[in-house]
Amino acid sequence: MDAVERPTFETSAAMEVYQHVERHGTAARHRVREMVDLSPEAFEEALTHLLSKGYIEDDGGTLTLALDVGSVKQHTTNGLTYTIRPAHNDDFEGLVQTIRNVSSDGTYVVAESVAEQLLYEDAVTRHNTVESRVFFVATVDGEVIGWCHLDIPQLDKLRETAQLTVGVREERRGQGIGSQLMQRGLDWAKANGYRKLYNSVPAITENAMVFLEDHGWHTEGIRRNHYTVDGEQVDEVMMAYTFD
Ligand SMILES: CC(C)(COP(=O)(O)OP(=O)(O)OC[C@H]1O[C@@H](n2cnc3c(N)ncnc32)[C@H](O)[C@@H]1OP(=O)(O)O)[C@@H](O)C(=O)NCCC(=O)NCCS
């Protein structure tokens, strides 16, 4: 299923099964059957319907959300080989640690809240009738070292805009990984018909603003004294990327 496609359900049983899998990202088939309030026949019928619609996948008894967000790509720079690919539920811990590592100086407030949201929801990807979340990760030897995240509201009036965050572990910066992650997010958004991306940073994070400007972003607005960082009030710079 496409991540911008809003899931629709023909029966309440199908919706119930989907919601359970979506909520957990991945779940054993027998666990889902135990958890939903359906007869075995109704469960099988709902599952068959969801599998045929391509909303979920059954991999040997493990049910997962079937979101097609692209391929795995390898990059090499200065002798370092890294991979950029869609995140899986198995990346959960590496992803949360990386986001926390990047936002640990307290200045990337939006990313901090993304990490909190992941922890609260205990799932990497979300895709339901209200929200959708897509993550790409950069990995070295299988370890997550960076991410690009798009938060997609499912409201009709906001359908063509998405919030993007990007970050790379400090020890891996300056090698083009952040640029590749950003490009992956931009390519995905463009291919899926988005017209605008946005991201907010505190005015004290000059590097982040320069990075975003170098990648075609512009300042859309400033909210005065929006953040409190180390006891100081700091402006929020609202930045945007507009597709032509
Ligand atoms: C902003 C951030 C994601 C950039 O990540 P990064 O991996 O260092 O990004 P890049 O290496 O692609 O680019 C940074 C600079 O490194 C240098 N660089 C790029 N490719 C390089 C390469 N192959 N070899 C050496 N240096 C390179 C360039 O000077 C580049 O500057 P440019 O943007 O003018 O081209 C990272 O600094 C970060 O996580 N910061 C904290 C979180 C944050 O502020 N996020 C941005 C808000 S959205």
# chains A, B, ... in the order shown; residues from 1 in each chain; ligands from 1
$ residues_around --residues "stretch 38-46 of chain A" --least-positions-apart "4" --cutoff "12 Å" --atoms "only C-alpha atoms" --output "list in words"
Phe9, Glu10, Thr11, Ser12, Ala13, Ala14, Met15, Glu16, Val17, Tyr18, Gln19, Arg29, His30, Arg31, Val32, Arg33, Glu34, Leu50, Leu51, Ser52, Lys53, Tyr55 and Ile56 of chain A
$ residues_near_ligand --ligand "ligand 1" --cutoff "6 Å" --atoms "only C-alpha atoms and all ligand atoms" --output "list of chain:residue names"
A:Thr77, A:Val102, A:Thr165, A:Val166, A:Gly167, A:Val168, A:Arg173, A:Gly174, A:Gln175, A:Gly176, A:Ile177, A:Gly178, A:Ser179, A:Ala208, A:Phe211, A:Asp214
$ write_last_selection --atoms "all heavy atoms" --output "JSON list (two decimals), in the first residue's frame"
[["chain", "number", "residue", "atom", "x", "y", "z"],
["A", 77, "THR", "N", 31.29, 6.90, 0.52],
["A", 77, "THR", "CA", 31.95, 8.19, 0.52],
["A", 77, "THR", "C", 33.22, 8.07, 1.36],
["A", 77, "THR", "O", 33.17, 7.56, 2.48],
["A", 77, "THR", "CB", 31.03, 9.32, 1.07],
["A", 77, "THR", "OG1", 31.81, 10.46, 1.34],
["A", 77, "THR", "CG2", 30.29, 8.91, 2.33],
["A", 102, "VAL", "N", 21.02, 12.76, 18.72],
["A", 102, "VAL", "CA", 21.09, 13.99, 17.92],
["A", 102, "VAL", "C", 20.44, 15.16, 18.66],
["A", 102, "VAL", "O", 20.90, 16.29, 18.58],
["A", 102, "VAL", "CB", 20.45, 13.77, 16.52],
["A", 102, "VAL", "CG1", 20.24, 15.08, 15.80],
["A", 102, "VAL", "CG2", 21.31, 12.82, 15.70],
["A", 165, "THR", "N", 11.82, 15.81, 9.38],
["A", 165, "THR", "CA", 12.98, 16.00, 10.26],
["A", 165, "THR", "C", 14.11, 15.13, 9.75],
["A", 165, "THR", "O", 13.88, 14.09, 9.13],
["A", 165, "THR", "CB", 12.70, 15.62, 11.74],
["A", 165, "THR", "OG1", 12.62, 14.20, 11.87],
["A", 165, "THR", "CG2", 11.47, 16.27, 12.30],
["A", 166, "VAL", "N", 15.34, 15.57, 9.98],
["A", 166, "VAL", "CA", 16.50, 14.80, 9.54],
["A", 166, "VAL", "C", 17.60, 14.97, 10.58],
["A", 166, "VAL", "O", 17.72, 16.02, 11.21],
["A", 166, "VAL", "CB", 16.96, 15.27, 8.12],
["A", 166, "VAL", "CG1", 17.35, 16.72, 8.11],
["A", 166, "VAL", "CG2", 18.08, 14.41, 7.58],
["A", 167, "GLY", "N", 18.37, 13.91, 10.79],
["A", 167, "GLY", "CA", 19.48, 14.02, 11.74],
["A", 167, "GLY", "C", 20.49, 12.90, 11.53],
["A", 167, "GLY", "O", 20.14, 11.81, 11.04],
["A", 168, "VAL", "N", 21.74, 13.20, 11.88],
["A", 168, "VAL", "CA", 22.83, 12.22, 11.73],
["A", 168, "VAL", "C", 23.64, 12.26, 13.02],
["A", 168, "VAL", "O", 23.90, 13.35, 13.57],
["A", 168, "VAL", "CB", 23.72, 12.59, 10.51],
["A", 168, "VAL", "CG1", 24.95, 11.69, 10.43],
["A", 168, "VAL", "CG2", 22.92, 12.51, 9.22],
["A", 173, "ARG", "N", 28.89, 12.89, 10.92],
["A", 173, "ARG", "CA", 28.50, 14.07, 10.12],
["A", 173, "ARG", "C", 29.61, 14.50, 9.15],
["A", 173, "ARG", "O", 30.75, 14.09, 9.29],
["A", 173, "ARG", "CB", 28.15, 15.23, 11.05],
["A", 173, "ARG", "CG", 26.87, 14.95, 11.79],
["A", 173, "ARG", "CD", 26.43, 16.10, 12.66],
["A", 173, "ARG", "NE", 25.36, 15.64, 13.54],
["A", 173, "ARG", "CZ", 24.96, 16.26, 14.62],
["A", 173, "ARG", "NH1", 25.52, 17.41, 14.98],
["A", 173, "ARG", "NH2", 23.99, 15.76, 15.37],
["A", 174, "GLY", "N", 29.24, 15.34, 8.20],
["A", 174, "GLY", "CA", 30.22, 15.93, 7.27],
["A", 174, "GLY", "C", 30.68, 14.99, 6.18],
["A", 174, "GLY", "O", 31.70, 15.21, 5.54],
["A", 175, "GLN", "N", 29.90, 13.92, 5.95],
["A", 175, "GLN", "CA", 30.30, 12.96, 4.91],
["A", 175, "GLN", "C", 29.20, 12.79, 3.86],
["A", 175, "GLN", "O", 29.20, 11.84, 3.10],
["A", 175, "GLN", "CB", 30.62, 11.60, 5.54],
["A", 175, "GLN", "CG", 31.74, 11.70, 6.56],
["A", 175, "GLN", "CD", 32.14, 10.32, 7.07],
["A", 175, "GLN", "OE1", 32.89, 9.60, 6.43],
["A", 175, "GLN", "NE2", 31.61, 9.96, 8.22],
["A", 176, "GLY", "N", 28.26, 13.71, 3.89],
["A", 176, "GLY", "CA", 27.20, 13.67, 2.88],
["A", 176, "GLY", "C", 25.99, 12.83, 3.25],
["A", 176, "GLY", "O", 25.04, 12.73, 2.47],
["A", 177, "ILE", "N", 26.00, 12.22, 4.46],
["A", 177, "ILE", "CA", 24.89, 11.31, 4.82],
["A", 177, "ILE", "C", 23.59, 12.10, 5.03],
["A", 177, "ILE", "O", 22.53, 11.71, 4.55],
["A", 177, "ILE", "CB", 25.26, 10.47, 6.07],
["A", 177, "ILE", "CG1", 26.54, 9.66, 5.79],
["A", 177, "ILE", "CG2", 24.11, 9.55, 6.47],
["A", 177, "ILE", "CD1", 27.10, 8.92, 6.98],
["A", 178, "GLY", "N", 23.71, 13.23, 5.71],
["A", 178, "GLY", "CA", 22.53, 14.07, 5.95],
["A", 178, "GLY", "C", 21.92, 14.53, 4.62],
["A", 178, "GLY", "O", 20.69, 14.52, 4.46],
["A", 179, "SER", "N", 22.77, 14.89, 3.67],
["A", 179, "SER", "CA", 22.27, 15.34, 2.36],
["A", 179, "SER", "C", 21.54, 14.21, 1.64],
["A", 179, "SER", "O", 20.49, 14.42, 1.04],
["A", 179, "SER", "CB", 23.42, 15.82, 1.48],
["A", 179, "SER", "OG", 24.08, 16.89, 2.10],
["A", 208, "ALA", "N", 21.88, 24.10, 11.49],
["A", 208, "ALA", "CA", 20.68, 23.46, 10.93],
["A", 208, "ALA", "C", 20.06, 24.36, 9.87],
["A", 208, "ALA", "O", 19.66, 23.90, 8.80],
["A", 208, "ALA", "CB", 19.68, 23.18, 12.04],
["A", 211, "PHE", "N", 22.21, 24.33, 6.78],
["A", 211, "PHE", "CA", 22.03, 23.04, 6.09],
["A", 211, "PHE", "C", 20.72, 23.05, 5.29],
["A", 211, "PHE", "O", 20.69, 22.69, 4.12],
["A", 211, "PHE", "CB", 22.02, 21.90, 7.12],
["A", 211, "PHE", "CG", 21.76, 20.54, 6.54],
["A", 211, "PHE", "CD1", 22.79, 19.82, 5.94],
["A", 211, "PHE", "CD2", 20.49, 19.98, 6.59],
["A", 211, "PHE", "CE1", 22.54, 18.55, 5.39],
["A", 211, "PHE", "CE2", 20.24, 18.72, 6.05],
["A", 211, "PHE", "CZ", 21.28, 18.01, 5.45],
["A", 214, "ASP", "N", 20.95, 25.44, 2.33],
["A", 214, "ASP", "CA", 21.78, 24.85, 1.26],
["A", 214, "ASP", "C", 21.02, 23.79, 0.47],
["A", 214, "ASP", "O", 21.40, 23.45, -0.65],
["A", 214, "ASP", "CB", 23.03, 24.17, 1.87],
["A", 214, "ASP", "CG", 24.07, 25.19, 2.28],
["A", 214, "ASP", "OD1", 23.89, 26.38, 1.94],
["A", 214, "ASP", "OD2", 25.05, 24.80, 2.94]]
$ residues_around --residues "stretch 138-151 of chain A" --least-positions-apart "5" --cutoff "8 Å" --atoms "only C-alpha atoms" --output "number ranges by chain"
A: 81-85, 91, 94-95, 98-99, 131-133, 162-169, 172, 177-178, 181-182, 184-185
$ select_by_dssp --residues "stretch 145-180 of chain A" --states "strand (DSSP E)" --output "list in words"
Ile145, Gly146, Trp147, Cys148, His149, Leu150, Asp151, Ile152, Pro153, Thr161, Ala162, Gln163, Leu164, Thr165, Val166, Gly167 and Val168 of chain A
$ closest_residue --among "A:Thr107, A:Val96, A:Val134, A:Leu65" --to "A:Leu119" --atoms "only C-alpha atoms"
A:Val96
$ residues_around --residues "A:Glu112" --least-positions-apart "3" --cutoff "10 Å" --atoms "only C-alpha atoms" --output "list in words"
Val96, Ile99, Arg100, Asn101, Val102, Ser103, Ser104, Gly106, Thr107, Tyr108, Val109, Ala115, Glu116 and Gln117 of chain A
$ write_last_selection --atoms "N, CA and C atoms" --output "PDB file, in the first residue's frame"
ATOM      1  N   VAL A  96      15.332   5.304  18.020  1.00  0.00           N
ATOM      2  CA  VAL A  96      15.074   6.149  19.192  1.00  0.00           C
ATOM      3  C   VAL A  96      16.408   6.642  19.774  1.00  0.00           C
ATOM      4  N   ILE A  99      17.846   9.383  17.456  1.00  0.00           N
ATOM      5  CA  ILE A  99      17.130  10.660  17.565  1.00  0.00           C
ATOM      6  C   ILE A  99      17.480  11.323  18.904  1.00  0.00           C
ATOM      7  N   ARG A 100      17.555  10.513  19.949  1.00  0.00           N
ATOM      8  CA  ARG A 100      17.890  11.071  21.267  1.00  0.00           C
ATOM      9  C   ARG A 100      19.320  11.601  21.281  1.00  0.00           C
ATOM     10  N   ASN A 101      20.238  10.862  20.634  1.00  0.00           N
ATOM     11  CA  ASN A 101      21.635  11.288  20.564  1.00  0.00           C
ATOM     12  C   ASN A 101      21.723  12.650  19.851  1.00  0.00           C
ATOM     13  N   VAL A 102      21.018  12.758  18.718  1.00  0.00           N
ATOM     14  CA  VAL A 102      21.094  13.994  17.923  1.00  0.00           C
ATOM     15  C   VAL A 102      20.436  15.160  18.664  1.00  0.00           C
ATOM     16  N   SER A 103      19.368  14.872  19.394  1.00  0.00           N
ATOM     17  CA  SER A 103      18.661  15.984  20.044  1.00  0.00           C
ATOM     18  C   SER A 103      19.098  16.181  21.500  1.00  0.00           C
ATOM     19  N   SER A 104      20.204  15.503  21.900  1.00  0.00           N
ATOM     20  CA  SER A 104      20.581  15.539  23.321  1.00  0.00           C
ATOM     21  C   SER A 104      21.047  16.913  23.796  1.00  0.00           C
ATOM     22  N   GLY A 106      19.469  19.484  23.328  1.00  0.00           N
ATOM     23  CA  GLY A 106      18.262  20.227  23.690  1.00  0.00           C
ATOM     24  C   GLY A 106      17.843  21.282  22.689  1.00  0.00           C
ATOM     25  N   THR A 107      18.501  21.323  21.510  1.00  0.00           N
ATOM     26  CA  THR A 107      18.134  22.385  20.565  1.00  0.00           C
ATOM     27  C   THR A 107      17.283  21.906  19.387  1.00  0.00           C
ATOM     28  N   TYR A 108      17.175  20.586  19.207  1.00  0.00           N
ATOM     29  CA  TYR A 108      16.339  20.121  18.094  1.00  0.00           C
ATOM     30  C   TYR A 108      15.030  19.608  18.691  1.00  0.00           C
ATOM     31  N   VAL A 109      14.191  20.570  19.017  1.00  0.00           N
ATOM     32  CA  VAL A 109      13.006  20.301  19.824  1.00  0.00           C
ATOM     33  C   VAL A 109      12.006  19.400  19.086  1.00  0.00           C
ATOM     34  N   ALA A 115      10.966  11.499  18.996  1.00  0.00           N
ATOM     35  CA  ALA A 115      11.452  10.354  19.791  1.00  0.00           C
ATOM     36  C   ALA A 115      10.444   9.996  20.880  1.00  0.00           C
ATOM     37  N   GLU A 116       9.912  11.013  21.537  1.00  0.00           N
ATOM     38  CA  GLU A 116       8.928  10.753  22.604  1.00  0.00           C
ATOM     39  C   GLU A 116       7.684  10.063  22.042  1.00  0.00           C
ATOM     40  N   GLN A 117       7.301  10.528  20.849  1.00  0.00           N
ATOM     41  CA  GLN A 117       6.104   9.948  20.237  1.00  0.00           C
ATOM     42  C   GLN A 117       6.333   8.475  19.872  1.00  0.00           C
TER      43      GLN A 117
END
